[in-house]
file work13.tsv (TSV, C-alpha atoms)
chain	number	residue	atom	x	y	z
A	1	MET	CA	31.71	-124.43	18.79
A	2	THR	CA	33.01	-125.20	22.26
A	3	PRO	CA	34.21	-122.41	24.57
A	4	ARG	CA	37.73	-123.85	24.37
A	5	TRP	CA	37.77	-123.48	20.56
A	6	ARG	CA	36.41	-119.97	20.80
A	7	LEU	CA	39.13	-119.02	23.29
A	8	GLY	CA	41.74	-120.55	21.02
A	9	ILE	CA	40.52	-118.52	18.04
A	10	VAL	CA	40.47	-115.28	20.07
A	11	ILE	CA	44.00	-115.88	21.38
A	12	GLY	CA	45.14	-116.72	17.85
A	13	LEU	CA	43.68	-113.47	16.51
A	14	ILE	CA	45.29	-111.41	19.29
A	15	VAL	CA	48.68	-113.01	18.58
A	16	ALA	CA	48.28	-112.30	14.84
A	17	VAL	CA	47.39	-108.63	15.48
A	18	LEU	CA	50.35	-108.18	17.86
A	19	ALA	CA	52.72	-109.83	15.39
A	20	ALA	CA	51.46	-107.58	12.60
A	21	ALA	CA	51.82	-104.48	14.81
A	22	ILE	CA	55.43	-105.39	15.57
A	23	TYR	CA	56.40	-106.53	12.08
A	24	PHE	CA	54.72	-103.75	10.05
A	25	PRO	CA	57.04	-100.87	11.19
A	26	ILE	CA	60.07	-103.13	10.62
A	27	LEU	CA	58.85	-103.93	7.13
A	28	LYS	CA	58.18	-100.23	6.45
A	29	ARG	CA	61.72	-99.30	7.55
A	30	ARG	CA	63.23	-102.02	5.36
A	31	VAL	CA	61.28	-100.84	2.30
A	32	LYS	CA	62.30	-97.23	2.95
A	33	ARG	CA	65.96	-98.21	3.42
A	34	GLN	CA	65.88	-100.27	0.24
A	35	ALA	CA	64.41	-97.30	-1.68
A	36	ASN	CA	67.13	-95.01	-0.32
A	37	VAL	CA	69.90	-97.46	-1.23
A	38	GLN	CA	68.49	-97.74	-4.76
A	39	GLN	CA	68.22	-93.95	-5.12
A	40	GLN	CA	71.79	-93.46	-3.84
A	41	SER	CA	73.12	-96.14	-6.20
A	42	GLU	CA	71.41	-94.47	-9.17
A	43	GLU	CA	72.80	-91.09	-8.16
A	44	GLN	CA	76.28	-92.59	-7.62
A	45	ALA	CA	76.18	-94.33	-11.01
A	46	ARG	CA	75.11	-91.08	-12.66
A	47	ARG	CA	77.90	-89.15	-10.98
A	48	GLU	CA	80.51	-91.75	-11.98
A	49	LEU	CA	79.27	-91.67	-15.56
A	50	VAL	CA	79.38	-87.89	-15.66
A	51	GLN	CA	82.84	-87.78	-14.10
A	52	SER	CA	84.26	-90.37	-16.48
A	53	LEU	CA	82.95	-88.36	-19.43
A	54	THR	CA	84.66	-85.19	-18.29
A	55	LYS	CA	88.07	-86.73	-17.53
A	56	THR	CA	90.56	-85.81	-20.23
A	57	THR	CA	93.90	-86.42	-18.60
A	58	SER	CA	95.75	-85.87	-21.88
A	59	GLU	CA	94.85	-82.17	-21.83
A	60	PRO	CA	97.55	-79.77	-20.63
A	61	LEU	CA	97.18	-78.26	-17.18
A	62	VAL	CA	95.53	-74.84	-17.17
A	63	LYS	CA	95.22	-72.37	-14.32
A	64	ALA	CA	91.46	-72.45	-13.75
A	65	LYS	CA	89.77	-69.88	-11.54
A	66	LEU	CA	87.07	-71.28	-9.25
A	67	PHE	CA	84.84	-69.21	-7.00
A	68	TRP	CA	84.05	-70.42	-3.49
A	69	ALA	CA	82.98	-68.41	-0.43
A	70	LEU	CA	85.47	-65.88	0.89
A	71	GLU	CA	84.77	-66.88	4.48
A	72	ALA	CA	82.37	-69.22	6.23
A	73	ASP	CA	78.90	-67.62	6.47
A	74	ASP	CA	80.01	-64.91	4.07
A	75	SER	CA	78.01	-63.83	1.04
A	76	ASP	CA	81.11	-62.82	-0.91
A	77	LEU	CA	83.04	-65.06	-3.26
A	78	ALA	CA	86.80	-65.30	-3.73
A	79	PRO	CA	88.66	-66.78	-6.70
A	80	THR	CA	90.94	-69.76	-6.12
A	81	THR	CA	93.39	-70.77	-8.84
A	82	VAL	CA	93.57	-74.52	-9.45
A	83	ASP	CA	95.70	-76.38	-12.04
A	84	LEU	CA	93.26	-78.49	-14.07
A	85	PRO	CA	93.59	-80.46	-17.31
A	86	LEU	CA	90.93	-78.51	-19.24
A	87	SER	CA	89.57	-79.31	-22.67
A	88	ASN	CA	89.38	-76.70	-25.43
A	89	ASP	CA	85.80	-77.72	-26.13
A	90	PRO	CA	83.65	-75.13	-24.27
A	91	ALA	CA	80.95	-77.58	-23.12
A	92	LEU	CA	83.42	-80.16	-21.87
A	93	ARG	CA	85.55	-77.44	-20.28
A	94	SER	CA	82.45	-76.13	-18.49
A	95	LYS	CA	81.69	-79.60	-17.14
A	96	GLN	CA	85.24	-79.95	-15.91
A	97	VAL	CA	85.30	-76.66	-14.02
A	98	LEU	CA	81.80	-77.17	-12.57
A	99	ASP	CA	82.65	-80.72	-11.44
A	100	THR	CA	85.67	-79.28	-9.63
A	101	LEU	CA	83.51	-76.52	-8.15
A	102	LEU	CA	81.03	-79.16	-6.92
A	103	ALA	CA	83.85	-81.24	-5.44
A	104	GLY	CA	84.45	-78.25	-3.19
A	105	PRO	CA	87.44	-76.41	-1.74
A	106	VAL	CA	89.93	-77.82	0.77
A	107	ASP	CA	88.07	-76.00	3.55
A	108	SER	CA	84.56	-77.45	3.38
A	109	GLU	CA	83.20	-74.39	5.26
A	110	LEU	CA	83.76	-72.41	2.06
A	111	ARG	CA	81.55	-74.65	-0.09
A	112	THR	CA	78.87	-72.89	-2.12
A	113	LEU	CA	77.14	-76.01	-3.47
A	114	PRO	CA	75.84	-79.08	-1.61
A	115	PRO	CA	78.38	-81.95	-1.53
A	116	ASP	CA	75.84	-84.47	-2.83
A	117	ALA	CA	74.85	-82.37	-5.87
A	118	ALA	CA	76.05	-83.46	-9.31
A	119	LEU	CA	76.14	-81.92	-12.76
A	120	LEU	CA	74.18	-84.29	-14.99
A	121	ALA	CA	74.55	-82.53	-18.33
A	122	PHE	CA	75.85	-79.32	-19.84
A	123	TYR	CA	75.10	-77.84	-23.26
A	124	ILE	CA	75.95	-74.60	-25.02
A	125	LEU	CA	73.57	-73.25	-27.67
A	126	PRO	CA	74.91	-71.31	-30.69
A	127	ASP	CA	73.73	-67.98	-29.21
A	128	GLY	CA	75.95	-68.48	-26.15
A	129	THR	CA	73.19	-69.71	-23.83
A	130	ALA	CA	74.51	-72.50	-21.62
A	131	ILE	CA	72.20	-75.05	-20.03
A	132	ALA	CA	73.40	-76.76	-16.87
A	133	ASP	CA	71.35	-79.70	-15.64
A	134	PHE	CA	72.00	-80.50	-11.99
A	135	SER	CA	70.78	-83.39	-9.85
A	136	GLU	CA	67.91	-82.77	-7.43
A	137	ALA	CA	70.34	-82.49	-4.54
A	138	LEU	CA	71.26	-78.99	-5.71
A	139	ALA	CA	67.73	-77.87	-4.85
A	140	THR	CA	67.00	-80.14	-1.90
A	141	SER	CA	70.31	-79.96	-0.01
A	142	ILE	CA	71.13	-76.28	-0.39
A	143	PRO	CA	70.54	-74.22	2.78
A	144	SER	CA	67.28	-72.28	2.41
A	145	GLY	CA	67.53	-68.53	1.92
A	146	VAL	CA	68.12	-65.77	-0.63
A	147	GLN	CA	71.73	-65.37	0.49
A	148	SER	CA	72.76	-69.02	0.15
A	149	GLU	CA	70.89	-69.56	-3.11
A	150	GLN	CA	72.38	-66.39	-4.61
A	151	LEU	CA	75.87	-67.44	-3.48
A	152	ALA	CA	75.43	-70.84	-5.14
A	153	VAL	CA	74.35	-69.37	-8.48
A	154	ASP	CA	76.99	-66.63	-8.36
A	155	SER	CA	79.73	-69.21	-7.77
A	156	ILE	CA	78.56	-71.13	-10.85
A	157	THR	CA	78.22	-68.09	-13.14
A	158	LYS	CA	81.50	-66.49	-12.02
A	159	THR	CA	83.39	-69.77	-12.45
A	160	LEU	CA	82.00	-70.18	-15.96
A	161	GLU	CA	82.73	-66.54	-16.73
A	162	ALA	CA	86.37	-66.92	-15.68
A	163	ASN	CA	87.01	-70.11	-17.65
A	164	VAL	CA	84.63	-70.32	-20.61
A	165	PRO	CA	84.46	-67.00	-22.51
A	166	LYS	CA	81.97	-68.30	-25.08
A	167	ILE	CA	79.08	-68.44	-22.60
A	168	ARG	CA	76.80	-65.38	-22.43
A	169	ARG	CA	74.04	-66.55	-20.13
A	170	LEU	CA	73.17	-69.62	-18.09
A	171	ARG	CA	69.94	-71.53	-17.60
A	172	ILE	CA	69.82	-73.95	-14.68
A	173	LEU	CA	67.69	-77.10	-14.82
A	174	ILE	CA	67.05	-79.51	-11.99
A	175	HIS	CA	67.05	-83.14	-13.13
A	176	GLY	CA	66.13	-82.12	-16.67
A	177	GLN	CA	63.24	-79.90	-15.64
A	178	GLN	CA	62.79	-76.15	-15.51
A	179	VAL	CA	61.76	-75.30	-11.98
A	180	GLU	CA	60.33	-72.08	-10.54
A	181	THR	CA	62.96	-71.52	-7.86
A	182	LEU	CA	66.20	-73.09	-6.67
A	183	ALA	CA	65.05	-73.69	-3.08
A	184	GLY	CA	62.09	-71.35	-2.63
A	185	HIS	CA	63.70	-68.00	-3.37
A	186	LEU	CA	65.94	-67.60	-6.40
A	187	ASP	CA	64.13	-67.47	-9.73
A	188	LEU	CA	65.23	-70.25	-12.11
A	189	THR	CA	62.67	-69.55	-14.85
A	190	GLY	CA	65.02	-67.20	-16.70
A	191	THR	CA	68.72	-67.09	-17.41
A	192	PHE	CA	71.62	-65.64	-15.44
A	193	PRO	CA	74.12	-63.33	-17.15
A	194	VAL	CA	77.63	-64.68	-17.77
A	195	ASN	CA	80.41	-62.65	-19.40
A	196	SER	CA	77.95	-59.77	-19.44
A	197	THR	CA	80.57	-57.17	-20.37
A	198	VAL	CA	81.26	-58.88	-23.70
A	199	PRO	CA	78.90	-57.55	-26.43
A	200	MET	CA	76.13	-60.00	-27.27
A	201	PRO	CA	75.47	-61.14	-30.81
A	202	ALA	CA	72.36	-59.58	-32.39
A	203	SER	CA	70.65	-62.97	-32.52
A	204	ALA	CA	70.92	-63.43	-28.75
A	205	SER	CA	67.58	-64.46	-27.34
A	206	GLN	CA	65.84	-62.29	-24.83
A	207	THR	CA	66.34	-63.26	-21.23
A	208	THR	CA	64.29	-62.76	-18.11
A	209	ASN	CA	67.42	-61.58	-16.31
A	210	PRO	CA	69.46	-59.44	-18.65
A	211	PRO	CA	73.11	-58.62	-17.99
A	212	LYS	CA	73.83	-56.35	-15.05
A	213	LYS	CA	74.58	-52.78	-16.05
B	1	MET	CA	48.84	-49.23	1.41
B	2	VAL	CA	51.54	-51.69	2.44
B	3	VAL	CA	51.38	-55.40	1.62
B	4	ILE	CA	53.37	-57.53	4.07
B	5	ASP	CA	54.29	-61.02	2.90
B	6	PRO	CA	55.35	-63.58	5.52
B	7	ALA	CA	57.12	-66.06	3.23
B	8	HIS	CA	56.53	-69.83	3.10
B	9	GLY	CA	53.82	-71.39	5.33
B	10	GLY	CA	51.56	-74.43	5.07
B	11	THR	CA	53.49	-77.47	3.90
B	12	ASP	CA	56.56	-75.28	3.32
B	13	PRO	CA	58.16	-74.36	6.66
B	14	GLY	CA	61.10	-72.57	4.99
B	15	ALA	CA	64.40	-72.65	6.87
B	16	ARG	CA	64.44	-74.80	10.02
B	17	GLY	CA	66.64	-74.39	13.08
B	18	VAL	CA	67.96	-77.07	15.39
B	19	GLY	CA	65.58	-76.19	18.20
B	20	GLY	CA	62.46	-76.64	16.07
B	21	VAL	CA	62.49	-72.99	14.96
B	22	ARG	CA	60.61	-72.63	11.67
B	23	GLU	CA	61.02	-69.69	9.33
B	24	SER	CA	57.32	-69.76	8.38
B	25	ASP	CA	56.28	-69.24	12.04
B	26	ILE	CA	58.79	-66.51	12.81
B	27	VAL	CA	58.01	-64.41	9.75
B	28	LEU	CA	54.32	-64.59	10.62
B	29	ASP	CA	55.12	-63.11	14.06
B	30	LEU	CA	57.30	-60.49	12.42
B	31	ALA	CA	54.55	-59.61	9.92
B	32	THR	CA	52.14	-58.98	12.78
B	33	GLN	CA	54.62	-56.65	14.47
B	34	VAL	CA	55.33	-54.75	11.25
B	35	ARG	CA	51.61	-54.47	10.60
B	36	ARG	CA	50.92	-52.98	14.02
B	37	GLY	CA	53.81	-50.52	13.63
B	38	LEU	CA	52.64	-49.36	10.22
B	39	GLU	CA	49.02	-49.06	11.28
B	40	ALA	CA	50.14	-46.90	14.19
B	41	GLN	CA	51.71	-44.61	11.57
B	42	GLY	CA	48.42	-44.38	9.67
B	43	PHE	CA	49.14	-46.91	6.90
B	44	GLN	CA	46.61	-49.39	5.60
B	45	VAL	CA	48.18	-52.84	5.74
B	46	LEU	CA	47.35	-56.15	4.07
B	47	GLN	CA	49.03	-59.48	4.76
B	48	THR	CA	49.42	-62.19	2.12
B	49	ARG	CA	48.74	-64.76	4.84
B	50	THR	CA	47.66	-64.54	8.46
B	51	ALA	CA	47.77	-68.26	9.27
B	52	ASN	CA	49.83	-71.35	8.48
B	53	GLU	CA	48.99	-71.47	4.78
B	54	ASN	CA	51.06	-71.13	1.63
B	55	PRO	CA	49.63	-68.94	-1.13
B	56	SER	CA	51.42	-69.20	-4.48
B	57	PHE	CA	53.96	-66.60	-5.56
B	58	ASP	CA	51.43	-65.21	-8.03
B	59	ASP	CA	48.66	-65.03	-5.40
B	60	ARG	CA	50.94	-63.05	-3.13
B	61	SER	CA	51.90	-60.69	-5.96
B	62	SER	CA	48.24	-60.37	-6.97
B	63	LEU	CA	47.35	-58.90	-3.62
B	64	ALA	CA	49.83	-56.04	-4.12
B	65	ASN	CA	49.13	-55.65	-7.84
B	66	ALA	CA	45.43	-55.14	-7.17
B	67	GLN	CA	46.15	-52.06	-5.02
B	68	THR	CA	46.96	-48.56	-6.17
B	69	GLY	CA	50.19	-47.16	-4.79
B	70	ALA	CA	51.09	-50.25	-2.79
B	71	ILE	CA	54.45	-51.02	-1.20
B	72	PHE	CA	55.42	-54.71	-0.94
B	73	VAL	CA	57.68	-56.19	1.74
B	74	THR	CA	58.39	-59.94	1.82
B	75	LEU	CA	59.89	-61.32	5.05
B	76	HIS	CA	62.42	-64.17	5.29
B	77	ILE	CA	64.82	-65.85	7.71
B	78	SER	CA	67.88	-67.51	6.19
B	79	SER	CA	69.60	-70.66	7.35
B	80	THR	CA	73.05	-69.21	6.69
B	81	GLY	CA	74.84	-65.88	7.09
B	82	ILE	CA	76.29	-64.05	10.06
B	83	ALA	CA	73.82	-64.42	12.93
B	84	GLY	CA	72.27	-61.15	14.06
B	85	THR	CA	72.52	-59.40	10.68
B	86	VAL	CA	69.74	-58.43	8.28
B	87	ARG	CA	69.89	-57.94	4.52
B	88	VAL	CA	67.43	-56.21	2.22
B	89	TYR	CA	67.16	-57.35	-1.41
B	90	THR	CA	65.57	-55.93	-4.52
B	91	MET	CA	65.13	-57.66	-7.86
B	92	SER	CA	68.19	-57.84	-10.14
B	93	ASP	CA	68.17	-55.75	-13.29
B	94	MET	CA	65.40	-56.67	-15.69
B	95	ALA	CA	64.81	-55.81	-19.33
B	96	PRO	CA	62.66	-52.66	-19.79
B	97	PRO	CA	58.95	-53.58	-19.69
B	98	GLN	CA	57.42	-54.36	-23.06
B	99	THR	CA	54.13	-52.58	-22.63
B	100	SER	CA	51.22	-53.57	-24.79
B	101	GLY	CA	48.24	-51.21	-24.79
B	102	GLY	CA	49.51	-49.62	-21.59
B	103	LEU	CA	49.78	-52.98	-19.85
B	104	ILE	CA	52.97	-54.46	-18.43
B	105	PRO	CA	53.37	-58.25	-18.83
B	106	TRP	CA	52.85	-60.12	-15.55
B	107	GLU	CA	56.27	-61.79	-15.83
B	108	GLN	CA	57.94	-58.36	-15.99
B	109	ALA	CA	55.73	-56.60	-13.45
B	110	GLN	CA	58.64	-55.47	-11.26
B	111	SER	CA	60.68	-53.96	-14.10
B	112	ALA	CA	58.91	-50.58	-14.02
B	113	TYR	CA	59.47	-50.28	-10.27
B	114	LEU	CA	63.16	-51.23	-9.95
B	115	SER	CA	64.46	-47.75	-9.12
B	116	LEU	CA	61.72	-47.15	-6.55
B	117	SER	CA	62.35	-50.59	-5.05
B	118	ARG	CA	66.04	-49.77	-4.66
B	119	LYS	CA	65.23	-46.48	-3.00
B	120	LEU	CA	62.89	-48.26	-0.57
B	121	GLY	CA	65.48	-51.00	-0.03
B	122	ASP	CA	68.28	-48.54	0.68
B	123	THR	CA	66.09	-46.68	3.16
B	124	ILE	CA	65.16	-49.83	5.09
B	125	GLN	CA	68.69	-51.27	4.89
B	126	GLY	CA	70.06	-47.98	6.27
B	127	GLU	CA	67.78	-48.30	9.30
B	128	LEU	CA	68.70	-51.95	9.79
B	129	SER	CA	72.46	-51.42	9.52
B	130	GLN	CA	72.29	-48.95	12.41
B	131	LYS	CA	70.55	-51.48	14.64
B	132	PHE	CA	72.27	-54.69	13.58
B	133	LYS	CA	76.04	-54.37	13.33
B	134	GLY	CA	77.58	-56.31	10.47
B	135	SER	CA	74.56	-55.80	8.22
B	136	PRO	CA	75.31	-54.22	4.83
B	137	SER	CA	74.72	-50.49	4.51
B	138	ASN	CA	73.19	-50.73	1.04
B	139	VAL	CA	70.47	-52.84	-0.50
B	140	GLN	CA	71.55	-56.04	-2.31
B	141	THR	CA	70.14	-57.38	-5.57
B	142	ALA	CA	69.07	-60.93	-6.35
B	143	SER	CA	66.77	-62.61	-8.84
B	144	ILE	CA	64.00	-63.32	-6.35
B	145	ARG	CA	60.95	-65.04	-7.79
B	146	GLN	CA	58.48	-63.33	-5.46
B	147	LEU	CA	59.62	-59.85	-6.42
B	148	ARG	CA	59.61	-60.38	-10.20
B	149	THR	CA	55.82	-60.44	-10.59
B	150	THR	CA	55.09	-57.65	-8.12
B	151	ALA	CA	54.02	-54.33	-9.66
B	152	ALA	CA	55.00	-52.09	-6.75
B	153	PRO	CA	58.14	-50.91	-4.96
B	154	ALA	CA	59.10	-54.31	-3.53
B	155	VAL	CA	61.83	-55.57	-1.23
B	156	ALA	CA	62.75	-58.81	0.51
B	157	VAL	CA	64.05	-58.55	4.09
B	158	GLU	CA	66.08	-61.57	5.22
B	159	ILE	CA	67.26	-62.09	8.80
B	160	SER	CA	70.33	-64.25	9.50
B	161	ASN	CA	69.74	-66.82	10.70
B	162	VAL	CA	67.36	-69.51	11.82
B	163	THR	CA	70.03	-71.78	13.33
B	164	VAL	CA	69.67	-70.37	16.83
B	165	SER	CA	69.50	-72.85	19.69
B	166	ASP	CA	67.00	-70.71	21.58
B	167	LYS	CA	63.98	-69.16	19.84
B	168	SER	CA	64.00	-66.23	22.28
B	169	GLU	CA	67.24	-65.01	20.61
B	170	MET	CA	65.33	-64.68	17.38
B	171	ASP	CA	62.30	-63.14	19.08
B	172	ARG	CA	64.51	-60.39	20.51
B	173	MET	CA	65.64	-59.43	17.01
B	174	LEU	CA	62.12	-59.17	15.63
B	175	SER	CA	61.11	-55.93	17.37
B	176	GLY	CA	64.25	-54.17	16.09
B	177	VAL	CA	63.71	-55.44	12.55
B	178	SER	CA	60.05	-54.45	12.70
B	179	GLU	CA	60.86	-50.91	13.88
B	180	ALA	CA	63.48	-50.50	11.13
B	181	ILE	CA	61.06	-51.61	8.41
B	182	VAL	CA	58.38	-49.22	9.70
B	183	ARG	CA	60.83	-46.31	9.83
B	184	GLY	CA	62.10	-47.14	6.36
B	185	VAL	CA	58.60	-47.23	4.86
B	186	VAL	CA	57.68	-43.97	6.60
B	187	ALA	CA	60.82	-42.28	5.24
B	188	PHE	CA	60.25	-43.66	1.74
B	189	ARG	CA	56.55	-42.76	1.48
B	190	PRO	CA	56.92	-39.04	0.47
B	191	SER	CA	59.14	-39.96	-2.49
B	192	TYR	CA	56.66	-42.53	-3.86
B	193	VAL	CA	54.66	-40.98	-6.68
B	194	THR	CA	51.89	-43.33	-7.80
B	195	PRO	CA	51.31	-43.72	-11.53
B	196	THR	CA	48.55	-41.63	-13.05
B	197	VAL	CA	48.73	-43.08	-16.56
B	198	PRO	CA	48.55	-46.87	-17.04
B	199	GLY	CA	51.87	-48.27	-18.26
B	200	ILE	CA	53.90	-45.28	-17.13
B	201	PRO	CA	56.14	-46.17	-14.20
B	202	PRO	CA	55.55	-44.16	-11.04
B	203	GLY	CA	57.78	-41.16	-10.67
B	204	VAL	CA	57.99	-40.69	-14.44
B	205	LYS	CA	56.03	-37.77	-15.82
B	206	PRO	CA	53.90	-38.81	-18.80
call {"tool": "encode", "arguments": {"input": "work13.tsv", "output": "structure tokens"}}
result
Amino acid sequence: MTPRWRLGIVIGLIVAVLAAAIYFPILKRRVKRQANVQQQSEEQARRELVQSLTKTTSEPLVKAKLFWALEADDSDLAPTTVDLPLSNDPALRSKQVLDTLLAGPVDSELRTLPPDAALLAFYILPDGTAIADFSEALATSIPSGVQSEQLAVDSITKTLEANVPKIRRLRILIHGQQVETLAGHLDLTGTFPVNSTVPMPASASQTTNPPKK
Amino acid sequence: MVVIDPAHGGTDPGARGVGGVRESDIVLDLATQVRRGLEAQGFQVLQTRTANENPSFDDRSSLANAQTGAIFVTLHISSTGIAGTVRVYTMSDMAPPQTSGGLIPWEQAQSAYLSLSRKLGDTIQGELSQKFKGSPSNVQTASIRQLRTTAAPAVAVEISNVTVSDKSEMDRMLSGVSEAIVRGVVAFRPSYVTPTVPGIPPGVKP
């Protein structure tokens, strides 16, 4: 092989390495962006599906009580009365009030739940145990801390308590799974009391977190 | 014996501030200060972690549960709340422990200690509310995973908040929080009667 050929091959290799070094990060970014777009589309589709299922415009307007933060950075909740077309079916009614709670108050500073979180499913068992399945954003987008996690759960349980008397306790799932904590602090392995002052039926299952005395 | 638990660590930084402030780092600093303060008062102190690692909730509880007459304090910094305030939490109400052969189930370990935890929490919160205006005067309750499996008077102390632009603001708070925790533990200690019979909660005569 002549020195000229050898030089040509070396230059060719250097050019190929440089091109790869430049193109690889671009390719990586494109793949990542594509994955994000896909994830967002799936989440959006899920939210639209859930919202369409809970819309019952034929229902009469009811004064629903929703609990958002009293003030920004406050750990207390305050009820806000909103006119909503609510179903008489407890599970559907629960979805409707929780979707409105997730949509947030007029003042976004008073939100208790992340704006990108969605309620994926809601069931009520015969013993009054409700199961709310939220999207992963509830766990990943909520500000970290006992105070913020407690505020989020309290806003959910108090809103259910005010609008759906049948529910006795609430279990929260994240994307269909039972998880240990909401965002590192609040225990999600048990249930949270709802309507705790109403006597429980004898068949009520035991809970990790019994009603507050 | 006091077990100090700097929360998070390792791959879990906890709350993060805009200026690169990480909850896991700050609580480790705070734990060291609390440890020194308690040792100066004659307490034996253990830490659930002393470096940037993340033991499981159960591992952290195990350290306290293996001691006799331990007090457990887990340290946190929130990413919300009124800046410059501090809140103390104990576990929410739990069902009475279902003892079997004098043993309390791991999942209900805290249930026998709730009243002692609240007493400890109120004592520490009282100290903190004097130092940090706007802090509550009484202990709060929350269903905190770390506390549930801890068989000892156990509280979580959470400082608001990590969203400071300058880390030195947070550092200035730490000595006050540390002193309040030490004073609270010292004040609580005489009222803590350790169990003499397995399965009987402390403070309850068999």
call {"tool": "interface_residues", "arguments": {"input": "work13.tsv", "of": "chain B", "to": "chain A", "cutoff": "7 Å", "atoms": "only C-alpha atoms", "output": "PyMOL selection string"}}
result
chain B and resi 14-15+77-82+93-95+142-145
call {"tool": "residues_around", "arguments": {"input": "work13.tsv", "residues": "range 123-129 of chain A", "least_positions_apart": "4", "cutoff": "6 Å", "atoms": "only C-alpha atoms", "output": "ChimeraX atom specification"}}
result
/A:91,167-170,204
call {"tool": "residues_near_point", "arguments": {"input": "work13.tsv", "point": "(57.7, -56.2, -13.9)", "cutoff": "6 Å", "atoms": "only C-alpha atoms", "output": "list in words"}}
result
Gln108, Ala109, Gln110, Ser111, Ala112, Arg148, Thr149 and Ala151 of chain B
call {"tool": "atom_distance", "arguments": {"input": "work13.tsv", "atom1": "CA of Gly184 in chain B", "atom2": "CA of Val157 in chain B"}}
result
11.8 Å
call {"tool": "closest_residue", "arguments": {"input": "work13.tsv", "among": "A:Leu13, A:Ala19, A:Val62, A:Leu101", "to": "Ser155 in chain A", "atoms": "only C-alpha atoms"}}
result
A:Leu101
call {"tool": "residues_around", "arguments": {"input": "work13.tsv", "residues": "range 19-31 of chain B", "least_positions_apart": "5", "cutoff": "10 Å", "atoms": "all atoms listed in the file", "output": "PyMOL selection string"}}
result
(chain A and resi 144-145) or (chain B and resi 3-14+36-37+46-54+73-79+158-159+161-167+170-171+173-175+177-178)
call {"tool": "atom_distance", "arguments": {"input": "work13.tsv", "atom1": "CA of Gln130 in chain B", "atom2": "CA of Thr85 in chain B"}}
result
10.6 Å
call {"tool": "closest_residue", "arguments": {"input": "work13.tsv", "among": "B:Ser135, B:Trp106, B:Ser129, B:Ala154", "to": "Ser62 in chain B", "atoms": "all atoms listed in the file"}}
result
B:Trp106
call {"tool": "closest_residue", "arguments": {"input": "work13.tsv", "among": "B:Ile71, B:Ala83, B:Ala152, B:Ala40", "to": "Phe188 in chain B", "atoms": "all atoms listed in the file"}}
result
B:Ile71
call {"tool": "atom_distance", "arguments": {"input": "work13.tsv", "atom1": "CA of Thr140 in chain A", "atom2": "CA of Thr150 in chain B"}}
result
26.2 Å
call {"tool": "closest_residue", "arguments": {"input": "work13.tsv", "among": "A:Ala162, A:Val97, A:Val10, A:Ala69", "to": "Leu113 in chain A", "atoms": "only C-alpha atoms"}}
result
A:Ala69
call {"tool": "closest_residue", "arguments": {"input": "work13.tsv", "among": "B:Val193, B:Leu147, B:Ala64, B:Val182", "to": "Thr90 in chain B", "atoms": "only C-alpha atoms"}}
result
B:Leu147
call {"tool": "axis_aligned_box", "arguments": {"input": "work13.tsv", "around": "range 33-44 of chain B", "padding_each_side": "3 Å", "output": "lines of an AutoDock Vina configuration file"}}
result
center_x = 51.0
center_y = -50.5
center_z = 10.0
size_x = 14.7
size_y = 18.3
size_z = 14.9
call {"tool": "residues_around", "arguments": {"input": "work13.tsv", "residues": "Phe134 in chain A", "least_positions_apart": "3", "cutoff": "8 Å", "atoms": "all atoms listed in the file", "output": "list in words"}}
result
Ala117, Ala118, Leu119, Leu120, Ala121, Ala137, Leu138, Ile172, Leu173, Ile174, His175 and Gly176 of chain A
call {"tool": "closest_residue", "arguments": {"input": "work13.tsv", "among": "A:Thr100, A:Asp116, A:Gln178, A:Lys65", "to": "Thr159 in chain A", "atoms": "all atoms listed in the file"}}
result
A:Lys65
